[in-house]
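Following: one structure in structure tokens, then a few remarks.
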Amino acid sequence: MYKYNRYMIKTQDWTMKSSLYEKEKIEYGNQKTREIALKMLRRNIIIVDIMKVTGLTEAELLRLQDENARF
């Protein structure tokens, strides 16, 4: 029983670490997508085209544009 409990704890620990790693990969990908979209916005590429390339919504692109507006 003791070995089984240790095994379960190790399995849960590995699962948690794996889950965190996957979450970090997704967050990294999302950040890169936003960076690419921002570069495209700065080059005055049509929002519809940016939406097609990045998969971001119009609202997300407009929010990104507002957050990074140059004064």
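Every chain in the structure tokens takes a letter, A first, then B, and so on in the order presented; its residues are numbered from 1, and the ligands are numbered from 1 following the presented order.
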query = Which of chain A counts as helix (DSSP H, G or I) under DSSP, as number ranges by chain please?
reply = A: 2-42, 47-54, 58-67
Hey, can you spit out that residue selection with C-alpha atoms as an mmCIF file, in the first residue's frame?
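Here's the written file result.cif:
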data_model
loop_
_atom_site.group_PDB
_atom_site.id
_atom_site.type_symbol
_atom_site.label_atom_id
_atom_site.label_comp_id
_atom_site.auth_asym_id
_atom_site.auth_seq_id
_atom_site.Cartn_x
_atom_site.Cartn_y
_atom_site.Cartn_z
ATOM 1 C CA TYR A 2 2.851 2.391 0.818
ATOM 2 C CA LYS A 3 4.476 1.877 -2.602
ATOM 3 C CA TYR A 4 1.149 2.450 -4.306
ATOM 4 C CA ASN A 5 0.638 5.746 -2.448
ATOM 5 C CA ARG A 6 4.140 6.928 -3.412
ATOM 6 C CA TYR A 7 3.449 5.970 -7.005
ATOM 7 C CA MET A 8 0.177 7.899 -6.996
ATOM 8 C CA ILE A 9 1.855 10.993 -5.519
ATOM 9 C CA LYS A 10 4.609 10.847 -8.150
ATOM 10 C CA THR A 11 2.029 10.401 -10.901
ATOM 11 C CA GLN A 12 -0.008 13.346 -9.668
ATOM 12 C CA ASP A 13 3.146 15.469 -9.425
ATOM 13 C CA TRP A 14 4.148 14.556 -12.976
ATOM 14 C CA THR A 15 0.646 15.268 -14.243
ATOM 15 C CA MET A 16 0.632 18.704 -12.606
ATOM 16 C CA LYS A 17 4.058 19.564 -14.051
ATOM 17 C CA SER A 18 2.996 18.376 -17.478
ATOM 18 C CA SER A 19 -0.178 20.421 -17.267
ATOM 19 C CA LEU A 20 1.746 23.564 -16.297
ATOM 20 C CA TYR A 21 4.189 23.007 -19.165
ATOM 21 C CA GLU A 22 1.330 22.690 -21.658
ATOM 22 C CA LYS A 23 -0.280 25.840 -20.284
ATOM 23 C CA GLU A 24 3.008 27.736 -20.675
ATOM 24 C CA LYS A 25 3.325 26.553 -24.287
ATOM 25 C CA ILE A 26 -0.184 27.766 -25.062
ATOM 26 C CA GLU A 27 0.444 31.122 -23.390
ATOM 27 C CA TYR A 28 3.699 31.505 -25.348
ATOM 28 C CA GLY A 29 1.892 30.764 -28.613
ATOM 29 C CA ASN A 30 -0.866 33.238 -27.771
ATOM 30 C CA GLN A 31 1.705 35.918 -26.960
ATOM 31 C CA LYS A 32 3.516 35.347 -30.253
ATOM 32 C CA THR A 33 0.218 35.560 -32.131
ATOM 33 C CA ARG A 34 -0.533 38.913 -30.489
ATOM 34 C CA GLU A 35 2.973 40.177 -31.335
ATOM 35 C CA ILE A 36 2.522 39.206 -34.994
ATOM 36 C CA ALA A 37 -0.917 40.829 -35.093
ATOM 37 C CA LEU A 38 0.480 44.019 -33.583
ATOM 38 C CA LYS A 39 3.230 44.156 -36.218
ATOM 39 C CA MET A 40 0.615 43.689 -38.915
ATOM 40 C CA LEU A 41 -1.541 46.466 -37.431
ATOM 41 C CA ARG A 42 1.453 48.805 -37.385
ATOM 42 C CA ILE A 47 -7.986 43.944 -39.996
ATOM 43 C CA VAL A 48 -9.944 41.264 -41.859
ATOM 44 C CA ASP A 49 -6.692 39.882 -43.261
ATOM 45 C CA ILE A 50 -5.094 39.911 -39.807
ATOM 46 C CA MET A 51 -8.113 38.057 -38.436
ATOM 47 C CA LYS A 52 -7.721 35.379 -41.127
ATOM 48 C CA VAL A 53 -3.998 34.942 -40.483
ATOM 49 C CA THR A 54 -3.990 35.037 -36.676
ATOM 50 C CA GLU A 58 -11.976 41.990 -34.411
ATOM 51 C CA ALA A 59 -12.562 42.943 -30.779
ATOM 52 C CA GLU A 60 -9.248 41.380 -29.741
ATOM 53 C CA LEU A 61 -7.397 43.232 -32.496
ATOM 54 C CA LEU A 62 -9.015 46.554 -31.634
ATOM 55 C CA ARG A 63 -8.202 46.058 -27.947
ATOM 56 C CA LEU A 64 -4.608 45.175 -28.866
ATOM 57 C CA GLN A 65 -4.417 48.265 -31.021
ATOM 58 C CA ASP A 66 -5.784 50.482 -28.228
ATOM 59 C CA GLU A 67 -3.426 49.006 -25.639
#
